[in-house]
Number of protein chains: 2
Amino acid sequence: MKDVHDMPGHLARRFQQIAVAVFLAEVEDAGYDLTPVQYAALAAVSASPGIDQVTLAGLIAYDRTTITGVVDRLVQKGLVARHAKRGDRRARELKITDAGRRTLRGITPAVEAAQQIMLRGLTDSEAKELVRLLQKAIAAGNALSRAPLRGTATR
Amino acid sequence: MKDVHDMPGHLARRFQQIAVAVFLAEVEDAGYDLTPVQYAALAAVSASPGIDQVTLAGLIAYDRTTITGVVDRLVQKGLVARHAKRGDRRARELKITDAGRRTLRGITPAVEAAQQIMLRGLTDSEAKELVRLLQKAIAAGNALSRAPLRGTATR
DNA sequence: TACTGATATTCAGCATGCTGAGCAATGCTC
DNA sequence: GAGCATTGCTCAGCATGCTGAATATCAGTA
């Protein structure tokens with residue numbers, strides 16, 4: 001392991017770098033302006049209407065201090081609505097707006113295309129295997145980051 | 001591909017997140033204060049004394065505007081020296097200092113350990129395969145990011 | 001009910017990464 | 001050798017991520 005280019009940590013950074021670039025390029029070509037992080041948050045809010053920010057962060061493994069800014073931008077773009085939650089004035093309820101639903105529907109082909117492109121150097125079976133290995137490594141390392149994935153029932 | 005958790009882009013982000021957390025934890029335990037990005041830059045400067053910033057950025061696939069801040073911090077920590085280059089006053093020559101050499105030597109076990117830990121969910125052969133697949137995917141997607149890897153001869 | 005601990009959110013500060021622009025120096029070309 | 005494109009570097013601005021801390025609220029208990 002004499003070279004950084006053989007270290008999984010460096011490869012992780014590099015692959016993520018490419019993945020983000022491909023995502024942004026595809027999404028912009030499709031006429032949208034949304035980051036990978038914003039997309040994941042929007043999709044999660046769509047799937048779990050009324051969710052609060054901490055729970056949302058847990059579902060997609062974002063830090064709780066990061067989710068604030070991400071939701072801010074989604075609200076500013078009019079894709080998500082943020083209201084005080086009845087029964088717990090600490091929390092904010094998040095709901096996708098009509099514009100958010102339209103964006104999510106319209107952007108999906110570009111997102112799917114991006115996933116193909118970032119793996120274009122691999123065969124189909126290699127791509128599947130890479131996804132499997134990443135999921136396995138991530139599952140084992142989940143608790144090691146400050147922002148672990150927390151399924152709704154993990155508590 | 002209905003769920004973000006099956007998308008390679010999301011997995012890339014998550015794996016990178018864990019990799020950084022593991023790296024920082026191991027390095028701090030060893031008594032050092034260096035980020036993964038700073039480590040890669042320091043190692044590259046050590047391997048290529050007198051390198052300029054743009055070439056350094058190409059070797060480790062950093063954006064040219066990012067490398068400025070990274071080198072700033074390495075210089076501030078006394079690990080790297082930055083001098084004007086003779087023969088081309090635009091460029092800055094980078095050299096590792098004695099303190100930088102000591103740090104690099106001392107930190108290596110922690111860096112190696114971190115690489116093991118971030119893959120601890122995988123068998124040895126799975127870990128090798130993950131590295132291989134990442135390298136293959138990265139090689140194919142290299143040109144897609146603003147900061148591609150540029151080997152010294154690639155020009 | 002007052003106290004204590006936990007929880008949801010936010011903020012300040014720092015380190016990547018990127019886009020786009022600007023500056024200074026270089027090198028090629030006519 | 002003057003003009004101009006190129007190159008090396010930097011800066012402003014924005015979007016993640018993180019640490020650590022503050023604020024407000026809630027929940028359980030003495």
# chains A, B, ... in the order shown; residues from 1 in each chain; ligands from 1
call {"tool": "interface_residues", "arguments": {"of": "chain B", "to": "chain D", "cutoff": "12 Å", "atoms": "only C-alpha atoms (C1' of nucleotides)", "output": "count of residues only"}}
result
30
call {"tool": "interface_residues", "arguments": {"of": "chain A", "to": "chain B", "cutoff": "6 Å", "atoms": "only C-alpha atoms", "output": "ChimeraX atom specification"}}
result
/A:9,12-13,15-16,18-19,21,119,121,137-138,140,145
call {"tool": "select_by_dssp", "arguments": {"residues": "stretch 72-124 of chain B", "states": "alpha helix (DSSP H)", "output": "list in words"}}
result
Asp72, Arg73, Leu74, Val75, Gln76, Asp98, Ala99, Gly100, Arg101, Arg102, Thr103, Leu104, Arg105, Gly106, Ile107, Thr108, Pro109, Ala110, Val111, Glu112, Ala113, Ala114, Gln115, Gln116, Ile117 and Asp124 of chain B
call {"tool": "write_last_selection", "arguments": {"atoms": "N, CA and C atoms", "output": "compact mmCIF listing (two decimals), in the first residue's frame"}}
result
# COMPACT_ATOMS: atom_id res chain seq x y z
N ASP B 72 -1.76 25.94 1.83
CA ASP B 72 -1.70 26.98 2.87
C ASP B 72 -1.62 26.35 4.26
N ARG B 73 -2.50 25.39 4.49
CA ARG B 73 -2.56 24.78 5.83
C ARG B 73 -1.33 23.93 6.12
N LEU B 74 -0.82 23.24 5.10
CA LEU B 74 0.38 22.44 5.29
C LEU B 74 1.57 23.35 5.60
N VAL B 75 1.62 24.49 4.92
CA VAL B 75 2.70 25.45 5.18
C VAL B 75 2.57 26.01 6.59
N GLN B 76 1.34 26.34 6.96
CA GLN B 76 1.10 26.91 8.28
C GLN B 76 1.48 25.94 9.39
N ASP B 98 11.56 18.90 7.28
CA ASP B 98 11.93 17.81 8.18
C ASP B 98 10.75 17.41 9.04
N ALA B 99 10.04 18.43 9.55
CA ALA B 99 8.86 18.14 10.35
C ALA B 99 7.82 17.38 9.53
N GLY B 100 7.70 17.74 8.25
CA GLY B 100 6.77 17.05 7.37
C GLY B 100 7.16 15.60 7.20
N ARG B 101 8.45 15.36 7.05
CA ARG B 101 8.93 13.98 6.91
C ARG B 101 8.65 13.17 8.16
N ARG B 102 8.90 13.79 9.31
CA ARG B 102 8.62 13.09 10.57
C ARG B 102 7.14 12.76 10.70
N THR B 103 6.30 13.75 10.38
CA THR B 103 4.86 13.53 10.46
C THR B 103 4.43 12.41 9.52
N LEU B 104 4.92 12.47 8.30
CA LEU B 104 4.54 11.47 7.31
C LEU B 104 4.92 10.06 7.77
N ARG B 105 6.13 9.96 8.32
CA ARG B 105 6.59 8.66 8.80
C ARG B 105 5.75 8.20 9.98
N GLY B 106 5.51 9.13 10.90
CA GLY B 106 4.80 8.76 12.12
C GLY B 106 3.34 8.43 11.90
N ILE B 107 2.75 9.03 10.89
CA ILE B 107 1.32 8.91 10.69
C ILE B 107 0.95 7.68 9.87
N THR B 108 1.92 7.13 9.16
CA THR B 108 1.63 6.05 8.22
C THR B 108 0.91 4.85 8.84
N PRO B 109 1.35 4.37 10.01
CA PRO B 109 0.62 3.23 10.59
C PRO B 109 -0.86 3.53 10.81
N ALA B 110 -1.18 4.75 11.26
CA ALA B 110 -2.58 5.10 11.49
C ALA B 110 -3.36 5.13 10.18
N VAL B 111 -2.71 5.63 9.13
CA VAL B 111 -3.37 5.70 7.83
C VAL B 111 -3.65 4.30 7.30
N GLU B 112 -2.65 3.42 7.46
CA GLU B 112 -2.85 2.04 7.01
C GLU B 112 -3.96 1.37 7.80
N ALA B 113 -3.96 1.62 9.11
CA ALA B 113 -5.00 1.03 9.96
C ALA B 113 -6.38 1.51 9.53
N ALA B 114 -6.47 2.79 9.20
CA ALA B 114 -7.77 3.35 8.79
C ALA B 114 -8.29 2.63 7.55
N GLN B 115 -7.39 2.32 6.61
CA GLN B 115 -7.82 1.63 5.39
C GLN B 115 -8.41 0.26 5.72
N GLN B 116 -7.85 -0.41 6.72
CA GLN B 116 -8.39 -1.70 7.14
C GLN B 116 -9.77 -1.52 7.76
N ILE B 117 -9.86 -0.54 8.65
CA ILE B 117 -11.10 -0.37 9.42
C ILE B 117 -12.28 -0.03 8.52
N ASP B 124 -11.12 -10.39 2.86
CA ASP B 124 -9.93 -9.89 2.17
C ASP B 124 -10.12 -9.86 0.66
call {"tool": "closest_residue", "arguments": {"among": "B:Leu42, B:Leu94, B:Val70, B:Val80", "to": "chain C", "atoms": "only C-alpha atoms (C1' of nucleotides)"}}
result
B:Val70
call {"tool": "closest_residue", "arguments": {"among": "C:DT7, C:DA24, C:DA12, C:DT1", "to": "chain B", "atoms": "only C-alpha atoms (C1' of nucleotides)"}}
result
C:DA24
call {"tool": "select_by_dssp", "arguments": {"residues": "chain A", "states": "strand (DSSP E)", "output": "list in words"}}
result
Val80, Ala81, Arg82, His83, Ala84, Lys85, Asp88, Arg89, Arg90, Ala91, Arg92, Glu93, Leu94, Lys95 and Ile96 of chain A
call {"tool": "interface_residues", "arguments": {"of": "chain C", "to": "chain A", "cutoff": "12 Å", "atoms": "only C-alpha atoms (C1' of nucleotides)", "output": "PDB file with N, CA, C and O atoms (P, O5', C5', C4', C3', O3' and C1' of nucleotides), in the first residue's frame"}}
result
ATOM      1  P    DT C   7     -32.815  11.441  23.690  1.00  0.00           P
ATOM      2  O5'  DT C   7     -33.535  12.624  22.906  1.00  0.00           O
ATOM      3  C5'  DT C   7     -34.911  12.861  23.135  1.00  0.00           C
ATOM      4  C4'  DT C   7     -35.352  14.100  22.391  1.00  0.00           C
ATOM      5  C3'  DT C   7     -34.785  14.203  20.969  1.00  0.00           C
ATOM      6  O3'  DT C   7     -35.858  14.505  20.102  1.00  0.00           O
ATOM      7  C1'  DT C   7     -34.430  16.205  22.143  1.00  0.00           C
ATOM      8  P    DA C   8     -35.711  14.403  18.518  1.00  0.00           P
ATOM      9  O5'  DA C   8     -35.790  15.936  18.117  1.00  0.00           O
ATOM     10  C5'  DA C   8     -37.039  16.610  18.138  1.00  0.00           C
ATOM     11  C4'  DA C   8     -36.873  17.986  17.534  1.00  0.00           C
ATOM     12  C3'  DA C   8     -36.120  18.006  16.190  1.00  0.00           C
ATOM     13  O3'  DA C   8     -36.820  18.852  15.281  1.00  0.00           O
ATOM     14  C1'  DA C   8     -35.019  19.410  17.769  1.00  0.00           C
ATOM     15  P    DT C   9     -36.273  19.048  13.778  1.00  0.00           P
ATOM     16  O5'  DT C   9     -35.411  20.372  13.937  1.00  0.00           O
ATOM     17  C5'  DT C   9     -36.058  21.538  14.442  1.00  0.00           C
ATOM     18  C4'  DT C   9     -35.062  22.599  14.773  1.00  0.00           C
ATOM     19  C3'  DT C   9     -34.154  23.022  13.614  1.00  0.00           C
ATOM     20  O3'  DT C   9     -34.645  24.262  13.107  1.00  0.00           O
ATOM     21  C1'  DT C   9     -33.035  22.988  15.732  1.00  0.00           C
ATOM     22  P    DT C  10     -33.962  24.904  11.817  1.00  0.00           P
ATOM     23  O5'  DT C  10     -32.813  25.781  12.476  1.00  0.00           O
ATOM     24  C5'  DT C  10     -33.136  26.697  13.503  1.00  0.00           C
ATOM     25  C4'  DT C  10     -31.874  27.265  14.121  1.00  0.00           C
ATOM     26  C3'  DT C  10     -30.860  27.800  13.093  1.00  0.00           C
ATOM     27  O3'  DT C  10     -30.697  29.194  13.317  1.00  0.00           O
ATOM     28  C1'  DT C  10     -29.809  26.494  14.802  1.00  0.00           C
ATOM     29  P    DC C  11     -29.863  30.054  12.257  1.00  0.00           P
ATOM     30  O5'  DC C  11     -28.467  30.278  12.995  1.00  0.00           O
ATOM     31  C5'  DC C  11     -28.443  30.617  14.378  1.00  0.00           C
ATOM     32  C4'  DC C  11     -27.010  30.659  14.872  1.00  0.00           C
ATOM     33  C3'  DC C  11     -26.002  31.116  13.818  1.00  0.00           C
ATOM     34  O3'  DC C  11     -25.152  32.099  14.378  1.00  0.00           O
ATOM     35  C1'  DC C  11     -25.354  29.026  14.749  1.00  0.00           C
ATOM     36  P    DA C  12     -24.225  32.965  13.406  1.00  0.00           P
ATOM     37  O5'  DA C  12     -22.758  32.583  13.904  1.00  0.00           O
ATOM     38  C5'  DA C  12     -22.492  32.469  15.295  1.00  0.00           C
ATOM     39  C4'  DA C  12     -21.106  31.905  15.515  1.00  0.00           C
ATOM     40  C3'  DA C  12     -20.073  32.338  14.484  1.00  0.00           C
ATOM     41  O3'  DA C  12     -18.825  32.513  15.128  1.00  0.00           O
ATOM     42  C1'  DA C  12     -20.258  29.999  14.456  1.00  0.00           C
ATOM     43  P    DT C  16      -8.615  20.410   3.970  1.00  0.00           P
ATOM     44  O5'  DT C  16      -9.540  20.995   2.824  1.00  0.00           O
ATOM     45  C5'  DT C  16      -9.705  20.252   1.640  1.00  0.00           C
ATOM     46  C4'  DT C  16     -10.994  19.458   1.706  1.00  0.00           C
ATOM     47  C3'  DT C  16     -11.468  19.050   0.315  1.00  0.00           C
ATOM     48  O3'  DT C  16     -12.139  17.806   0.411  1.00  0.00           O
ATOM     49  C1'  DT C  16     -13.067  20.469   1.311  1.00  0.00           C
ATOM     50  P    DG C  17     -12.192  16.845  -0.920  1.00  0.00           P
ATOM     51  O5'  DG C  17     -13.196  17.639  -1.868  1.00  0.00           O
ATOM     52  C5'  DG C  17     -12.723  18.310  -2.989  1.00  0.00           C
ATOM     53  C4'  DG C  17     -13.927  18.934  -3.678  1.00  0.00           C
ATOM     54  C3'  DG C  17     -13.521  19.568  -5.003  1.00  0.00           C
ATOM     55  O3'  DG C  17     -14.187  18.881  -6.056  1.00  0.00           O
ATOM     56  C1'  DG C  17     -14.823  21.068  -3.653  1.00  0.00           C
ATOM     57  P    DC C  18     -13.730  19.114  -7.556  1.00  0.00           P
ATOM     58  O5'  DC C  18     -14.655  20.319  -8.053  1.00  0.00           O
ATOM     59  C5'  DC C  18     -16.060  20.131  -8.132  1.00  0.00           C
ATOM     60  C4'  DC C  18     -16.758  21.468  -8.152  1.00  0.00           C
ATOM     61  C3'  DC C  18     -16.296  22.409  -9.255  1.00  0.00           C
ATOM     62  O3'  DC C  18     -17.090  22.189 -10.402  1.00  0.00           O
ATOM     63  C1'  DC C  18     -16.708  23.555  -7.190  1.00  0.00           C
TER      64       DC C  18
END
call {"tool": "atom_distance", "arguments": {"atom1": "atom CA of B:Val71", "atom2": "atom CA of B:Val45"}}
result
10.0 Å
call {"tool": "atom_distance", "arguments": {"atom1": "atom CA of B:Arg82", "atom2": "atom CA of B:Lys95"}}
result
6.7 Å
call {"tool": "atom_distance", "arguments": {"atom1": "atom CA of B:Arg86", "atom2": "atom C1' of C:DC28"}}
result
20.9 Å
call {"tool": "decode", "arguments": {"residues": "stretch 39-66 of chain A", "atoms": "N, CA, C and O atoms", "output": "PDB file, in the first residue's frame"}}
result
ATOM      1  N   TYR A  39     -31.325  16.318  -3.895  1.00  0.00           N
ATOM      2  CA  TYR A  39     -32.188  15.311  -4.510  1.00  0.00           C
ATOM      3  C   TYR A  39     -32.573  14.231  -3.507  1.00  0.00           C
ATOM      4  O   TYR A  39     -33.746  13.870  -3.375  1.00  0.00           O
ATOM      5  N   ALA A  40     -31.588  13.715  -2.784  1.00  0.00           N
ATOM      6  CA  ALA A  40     -31.861  12.648  -1.815  1.00  0.00           C
ATOM      7  C   ALA A  40     -32.818  13.137  -0.731  1.00  0.00           C
ATOM      8  O   ALA A  40     -33.728  12.415  -0.309  1.00  0.00           O
ATOM      9  N   ALA A  41     -32.623  14.374  -0.302  1.00  0.00           N
ATOM     10  CA  ALA A  41     -33.498  14.921   0.732  1.00  0.00           C
ATOM     11  C   ALA A  41     -34.920  15.087   0.204  1.00  0.00           C
ATOM     12  O   ALA A  41     -35.898  14.738   0.876  1.00  0.00           O
ATOM     13  N   LEU A  42     -35.026  15.597  -1.010  1.00  0.00           N
ATOM     14  CA  LEU A  42     -36.340  15.803  -1.611  1.00  0.00           C
ATOM     15  C   LEU A  42     -37.077  14.468  -1.771  1.00  0.00           C
ATOM     16  O   LEU A  42     -38.270  14.354  -1.448  1.00  0.00           O
ATOM     17  N   ALA A  43     -36.345  13.463  -2.234  1.00  0.00           N
ATOM     18  CA  ALA A  43     -36.958  12.145  -2.420  1.00  0.00           C
ATOM     19  C   ALA A  43     -37.412  11.570  -1.082  1.00  0.00           C
ATOM     20  O   ALA A  43     -38.489  10.958  -0.988  1.00  0.00           O
ATOM     21  N   ALA A  44     -36.626  11.796  -0.054  1.00  0.00           N
ATOM     22  CA  ALA A  44     -36.976  11.249   1.267  1.00  0.00           C
ATOM     23  C   ALA A  44     -38.195  11.967   1.843  1.00  0.00           C
ATOM     24  O   ALA A  44     -39.068  11.338   2.459  1.00  0.00           O
ATOM     25  N   VAL A  45     -38.266  13.269   1.648  1.00  0.00           N
ATOM     26  CA  VAL A  45     -39.433  14.017   2.133  1.00  0.00           C
ATOM     27  C   VAL A  45     -40.679  13.558   1.385  1.00  0.00           C
ATOM     28  O   VAL A  45     -41.755  13.397   1.977  1.00  0.00           O
ATOM     29  N   SER A  46     -40.513  13.313   0.107  1.00  0.00           N
ATOM     30  CA  SER A  46     -41.641  12.844  -0.701  1.00  0.00           C
ATOM     31  C   SER A  46     -42.146  11.499  -0.199  1.00  0.00           C
ATOM     32  O   SER A  46     -43.353  11.253  -0.146  1.00  0.00           O
ATOM     33  N   ALA A  47     -41.207  10.633   0.191  1.00  0.00           N
ATOM     34  CA  ALA A  47     -41.587   9.287   0.640  1.00  0.00           C
ATOM     35  C   ALA A  47     -42.121   9.280   2.067  1.00  0.00           C
ATOM     36  O   ALA A  47     -42.829   8.360   2.461  1.00  0.00           O
ATOM     37  N   SER A  48     -41.770  10.302   2.847  1.00  0.00           N
ATOM     38  CA  SER A  48     -42.199  10.359   4.251  1.00  0.00           C
ATOM     39  C   SER A  48     -42.765  11.734   4.583  1.00  0.00           C
ATOM     40  O   SER A  48     -42.132  12.508   5.297  1.00  0.00           O
ATOM     41  N   PRO A  49     -43.948  12.035   4.107  1.00  0.00           N
ATOM     42  CA  PRO A  49     -44.513  13.370   4.324  1.00  0.00           C
ATOM     43  C   PRO A  49     -44.675  13.660   5.813  1.00  0.00           C
ATOM     44  O   PRO A  49     -45.032  12.774   6.580  1.00  0.00           O
ATOM     45  N   GLY A  50     -44.383  14.901   6.193  1.00  0.00           N
ATOM     46  CA  GLY A  50     -44.560  15.286   7.586  1.00  0.00           C
ATOM     47  C   GLY A  50     -43.380  14.934   8.468  1.00  0.00           C
ATOM     48  O   GLY A  50     -43.396  15.155   9.667  1.00  0.00           O
ATOM     49  N   ILE A  51     -42.335  14.397   7.867  1.00  0.00           N
ATOM     50  CA  ILE A  51     -41.151  13.993   8.621  1.00  0.00           C
ATOM     51  C   ILE A  51     -40.475  15.230   9.239  1.00  0.00           C
ATOM     52  O   ILE A  51     -40.550  16.322   8.691  1.00  0.00           O
ATOM     53  N   ASP A  52     -39.821  15.041  10.374  1.00  0.00           N
ATOM     54  CA  ASP A  52     -39.056  16.144  10.959  1.00  0.00           C
ATOM     55  C   ASP A  52     -37.611  16.058  10.488  1.00  0.00           C
ATOM     56  O   ASP A  52     -37.194  15.053   9.913  1.00  0.00           O
ATOM     57  N   GLN A  53     -36.827  17.091  10.756  1.00  0.00           N
ATOM     58  CA  GLN A  53     -35.504  17.188  10.153  1.00  0.00           C
ATOM     59  C   GLN A  53     -34.524  16.142  10.683  1.00  0.00           C
ATOM     60  O   GLN A  53     -33.726  15.598   9.927  1.00  0.00           O
ATOM     61  N   VAL A  54     -34.575  15.860  11.966  1.00  0.00           N
ATOM     62  CA  VAL A  54     -33.653  14.878  12.531  1.00  0.00           C
ATOM     63  C   VAL A  54     -33.908  13.489  11.942  1.00  0.00           C
ATOM     64  O   VAL A  54     -32.969  12.773  11.569  1.00  0.00           O
ATOM     65  N   THR A  55     -35.176  13.139  11.844  1.00  0.00           N
ATOM     66  CA  THR A  55     -35.508  11.833  11.277  1.00  0.00           C
ATOM     67  C   THR A  55     -35.094  11.766   9.813  1.00  0.00           C
ATOM     68  O   THR A  55     -34.532  10.767   9.353  1.00  0.00           O
ATOM     69  N   LEU A  56     -35.339  12.855   9.091  1.00  0.00           N
ATOM     70  CA  LEU A  56     -34.912  12.926   7.695  1.00  0.00           C
ATOM     71  C   LEU A  56     -33.405  12.732   7.585  1.00  0.00           C
ATOM     72  O   LEU A  56     -32.924  11.946   6.766  1.00  0.00           O
ATOM     73  N   ALA A  57     -32.669  13.414   8.429  1.00  0.00           N
ATOM     74  CA  ALA A  57     -31.217  13.289   8.402  1.00  0.00           C
ATOM     75  C   ALA A  57     -30.796  11.838   8.621  1.00  0.00           C
ATOM     76  O   ALA A  57     -29.897  11.329   7.951  1.00  0.00           O
ATOM     77  N   GLY A  58     -31.476  11.156   9.551  1.00  0.00           N
ATOM     78  CA  GLY A  58     -31.152   9.767   9.831  1.00  0.00           C
ATOM     79  C   GLY A  58     -31.427   8.851   8.651  1.00  0.00           C
ATOM     80  O   GLY A  58     -30.686   7.903   8.400  1.00  0.00           O
ATOM     81  N   LEU A  59     -32.475   9.157   7.902  1.00  0.00           N
ATOM     82  CA  LEU A  59     -32.858   8.296   6.780  1.00  0.00           C
ATOM     83  C   LEU A  59     -31.840   8.329   5.651  1.00  0.00           C
ATOM     84  O   LEU A  59     -31.684   7.357   4.915  1.00  0.00           O
ATOM     85  N   ILE A  60     -31.160   9.445   5.474  1.00  0.00           N
ATOM     86  CA  ILE A  60     -30.200   9.549   4.382  1.00  0.00           C
ATOM     87  C   ILE A  60     -28.788   9.807   4.889  1.00  0.00           C
ATOM     88  O   ILE A  60     -27.888  10.140   4.116  1.00  0.00           O
ATOM     89  N   ALA A  61     -28.595   9.653   6.208  1.00  0.00           N
ATOM     90  CA  ALA A  61     -27.259   9.735   6.802  1.00  0.00           C
ATOM     91  C   ALA A  61     -26.606  11.095   6.593  1.00  0.00           C
ATOM     92  O   ALA A  61     -25.454  11.190   6.188  1.00  0.00           O
ATOM     93  N   TYR A  62     -27.372  12.145   6.875  1.00  0.00           N
ATOM     94  CA  TYR A  62     -26.798  13.486   6.861  1.00  0.00           C
ATOM     95  C   TYR A  62     -26.581  13.923   8.297  1.00  0.00           C
ATOM     96  O   TYR A  62     -27.306  13.506   9.200  1.00  0.00           O
ATOM     97  N   ASP A  63     -25.629  14.790   8.484  1.00  0.00           N
ATOM     98  CA  ASP A  63     -25.445  15.364   9.798  1.00  0.00           C
ATOM     99  C   ASP A  63     -26.604  16.309  10.103  1.00  0.00           C
ATOM    100  O   ASP A  63     -27.108  16.985   9.215  1.00  0.00           O
ATOM    101  N   ARG A  64     -26.985  16.383  11.352  1.00  0.00           N
ATOM    102  CA  ARG A  64     -28.137  17.217  11.701  1.00  0.00           C
ATOM    103  C   ARG A  64     -27.862  18.694  11.458  1.00  0.00           C
ATOM    104  O   ARG A  64     -28.775  19.472  11.192  1.00  0.00           O
ATOM    105  N   THR A  65     -26.611  19.084  11.528  1.00  0.00           N
ATOM    106  CA  THR A  65     -26.305  20.500  11.271  1.00  0.00           C
ATOM    107  C   THR A  65     -26.224  20.796   9.773  1.00  0.00           C
ATOM    108  O   THR A  65     -26.283  21.942   9.369  1.00  0.00           O
ATOM    109  N   THR A  66     -26.084  19.754   8.974  1.00  0.00           N
ATOM    110  CA  THR A  66     -26.034  19.947   7.527  1.00  0.00           C
ATOM    111  C   THR A  66     -27.441  20.037   6.951  1.00  0.00           C
ATOM    112  O   THR A  66     -27.711  20.799   6.023  1.00  0.00           O
TER     113      THR A  66
END
